Amino acid sequence: MSDFLNAYSIQRWLELAPQGYLEDTVYGHQADEQEPELLLEHENLREDAIRTTVQLVVGERCALAASSGLVNAAPDFPSKRFLATQTLDEARHVEIFTQRLHDLGVKGEDLESTIDHFANPNLVKFAEVLLEKVDAGDFVAGVVGQNIVLEGMAFSVFELLEAGSRQTNPKFAHTLSGTIADERRHVGFGENRIGSLIKQYPEKTPEIEKMQKEMTYYMLATFADAFEAGADNMDEGRELAVEAAAAQGVELEATEWHGTELGDASTEDLEAVLADTVLGEFKTRLGRIGLEYQSPSIPV
Amino acid sequence: MSDVEPHDFDPHALDQGVFLDQVHSFEFWFRAVEGYLSERPYGHHADTYDRDRTEQQLDGLVTTLCNYCVAETTALEGASGMIAFAPNRNAKIFLATQVVDEARHLEVFIHRLQELGVGDPEAEIERRANADLVTFKERFLQLVEVGDWDAAVLAQNVILETMEYTVFRAHANRADPITAEILEGVISDERRHFGFGENDLGRRLAAAPQERQRLGEVKRELDGLVLRSLESTLADVGIAKSDQPALGRDYLNTVERLGLVS
């Protein structure tokens, strides 16, 4: 165990993240990058961007509460040490996505009311299921919920958003690429550390699987809400992006993500590919730690 | 991007809004630590030489470092637990930077113990832990458990951090070059941590002066534990008994700046 945990030391984290892929970034992106003008000029698109970013803030606040809350419950120093780096990673994510809300025009005094207004209730429930385990000091369930389920979801959502923003919003894409690198580390820790603990405490399996099932239900319900809310403005956003690129003499290239062309897929197709990707990841990662994926009922 | 240079950090000179927005951020933290972390794996340069020491000196250093680990574990568990009930986002982000600072300190002190030949640092820490420091940890974590923000900030970011700052500075002046280099980095962090504590608590006490009496009682309860563990650690470091009262006063003066007189 200790050998693998040495790969998650503060020293290694410093070399990889602050002194590595985050070096010379400001709030996760290059100093001279800004939100695209068309996003700021069109109120409906700006509101969609705010709504999307609020969900990221809600998810990252949950991850910050979970990772910091698990430090005390961790059974050994190397795990505490890793969770300390994850705590700061998650705090940075809260900070950079909050900064994006400000960049999109949300004033400091309106921040909390904006988050309350746009936060998806299903995502809030998703967070509550996880934080209940953390508050109870349940390290094994907490790490599965945090580092496999929450991080697994975040990883795919960030990848999808990054792929969709790469050409039209490099600032947001760069912000996301740093968080993707962080999430990859977090998921790796979860798989490595928890596998041995699940073997040690097999009696915890049914309770953990129940938590995974509940969290998955609320995650799918969040996806359904999010794609429905964005459906009206998606085509307009795409057309404006093509026009803006053409005005600069650039033709947008096709961007494929897990076999789906992001430039012309319907919201239903996008929701399906995201859900299939995340659930596929869950099955693989849960299998690696000796748990069987539990299918939730389909959200209405 | 923060406008305040971390090295010129004076929390008392800042307007509250500037303080919250600029200082409590990952950006500020990274700019503060990158100077002394780069090229110092595990807190010191690879080519810094060690000093010969007697068995007795080695034993004293190992005991001292073990108790630094107890203090850093206390701060790690305390800071991480306080995130859940911190009153605002900026305080949560600041505490997240403190969590990784404390874990880093623990890592470099454990690494130093291993460099000194300690095979099982965790067992050695448990064996050599100062009883007063362990009692302080238990009492502090009770304050965290019940979500008492003001008392937890006082215990951790004022009392514990000030005690560490006092001891680490005194130790760095007479330590071997490797330990001194490690301590210099840690001291830079502690300055930020108690800067946060003094600023946050100072503003809250100004707004709610009735809290002063309650926190004064918490302080009086913890003072005895702090001063006894301070005395014991300073003796392990090799500081003459005649110099110890002055260092104890350093600690008390810092705490008294908040108006919490014993």
# chains A, B, ... in the order shown; residues from 1 in each chain; ligands from 1
$ interface_residues --of "chain A" --to "chain B" --cutoff "6 Å" --atoms "only C-alpha atoms" --output "PyMOL selection string"
chain A and resi 10+65+68-69+72+81+84-85+87-88+91-92
$ residues_around --residues "A:Asp103" --least-positions-apart "6" --cutoff "10 Å" --atoms "only C-alpha atoms" --output "PyMOL selection string"
chain A and resi 34-35+40+50+97
$ write_last_selection --atoms "C-alpha atoms" --output "PDB file, in the first residue's frame"
ATOM      1  CA  GLN A  34     -11.165  36.077 -21.988  1.00  0.00           C
ATOM      2  CA  GLU A  35     -14.712  34.810 -22.369  1.00  0.00           C
ATOM      3  CA  LEU A  40     -21.264  38.155 -23.203  1.00  0.00           C
ATOM      4  CA  ILE A  50     -23.883  30.877 -15.964  1.00  0.00           C
ATOM      5  CA  PHE A  97     -15.349  28.292 -11.528  1.00  0.00           C
TER       6      PHE A  97
END
$ closest_residue --among "B:Thr162, B:Thr48, B:Gln57, B:Asn88" --to "B:Glu256" --atoms "only C-alpha atoms"
B:Thr162
$ residues_around --residues "B:Arg128" --least-positions-apart "2" --cutoff "6 Å" --atoms "only C-alpha atoms" --output "list in words"
Thr63, Ile125 and Glu126 of chain B
$ write_last_selection --atoms "N, CA and C atoms" --output "tab-separated table (two decimals), in the first residue's frame"
chain	number	residue	atom	x	y	z
B	63	THR	N	13.01	13.59	19.36
B	63	THR	CA	11.84	13.91	20.20
B	63	THR	C	11.19	15.21	19.74
B	125	ILE	N	6.52	8.66	16.79
B	125	ILE	CA	5.75	9.88	17.13
B	125	ILE	C	4.80	9.57	18.29
B	126	GLU	N	4.13	8.44	18.19
B	126	GLU	CA	3.18	8.06	19.24
B	126	GLU	C	3.92	7.86	20.57
$ closest_residue --among "A:Leu291, A:Ile96, A:Val250, A:Ala66" --to "A:Phe172" --atoms "only C-alpha atoms"
A:Ile96
$ select_by_dssp --residues "stretch 29-251 of chain B" --states "alpha helix (DSSP H)" --output "MDAnalysis selection string"
chainID B and resid 29:37 55:83 89:115 121:128 131:145 149:153 161:172 177:207 211:237 244:251
$ atom_distance --atom1 "atom CA of B:Arg212" --atom2 "atom CA of B:Lys137"
22.2 Å
$ residues_around --residues "A:Glu37" --least-positions-apart "4" --cutoff "10 Å" --atoms "only C-alpha atoms" --output "list in words"
Glu41, His42, Arg46, Asn169 and Ala244 of chain A
$ write_last_selection --atoms "N, CA and C atoms" --output "mmCIF file, in the first residue's frame"
data_model
loop_
_atom_site.group_PDB
_atom_site.id
_atom_site.type_symbol
_atom_site.label_atom_id
_atom_site.label_comp_id
_atom_site.auth_asym_id
_atom_site.auth_seq_id
_atom_site.Cartn_x
_atom_site.Cartn_y
_atom_site.Cartn_z
ATOM 1 N N GLU A 41 -22.418 39.041 -25.152
ATOM 2 C CA GLU A 41 -23.350 39.957 -25.828
ATOM 3 C C GLU A 41 -24.761 39.390 -25.944
ATOM 4 N N HIS A 42 -24.915 38.088 -25.889
ATOM 5 C CA HIS A 42 -26.234 37.467 -26.045
ATOM 6 C C HIS A 42 -26.707 36.950 -24.693
ATOM 7 N N ARG A 46 -25.376 33.822 -22.396
ATOM 8 C CA ARG A 46 -24.673 34.140 -21.147
ATOM 9 C C ARG A 46 -25.357 33.427 -19.972
ATOM 10 N N ASN A 169 -14.127 28.606 -27.192
ATOM 11 C CA ASN A 169 -13.863 29.296 -25.929
ATOM 12 C C ASN A 169 -12.592 28.713 -25.279
ATOM 13 N N ALA A 244 -19.024 33.810 -35.938
ATOM 14 C CA ALA A 244 -17.920 34.531 -35.302
ATOM 15 C C ALA A 244 -16.579 34.011 -35.810
#
$ residues_around --residues "stretch 228-237 of chain B" --least-positions-apart "4" --cutoff "8 Å" --atoms "only C-alpha atoms" --output "VMD selection string"
chain B and resid 60 to 61 63 to 64 67 130 132 to 133 163 167 171 224 241 244 248
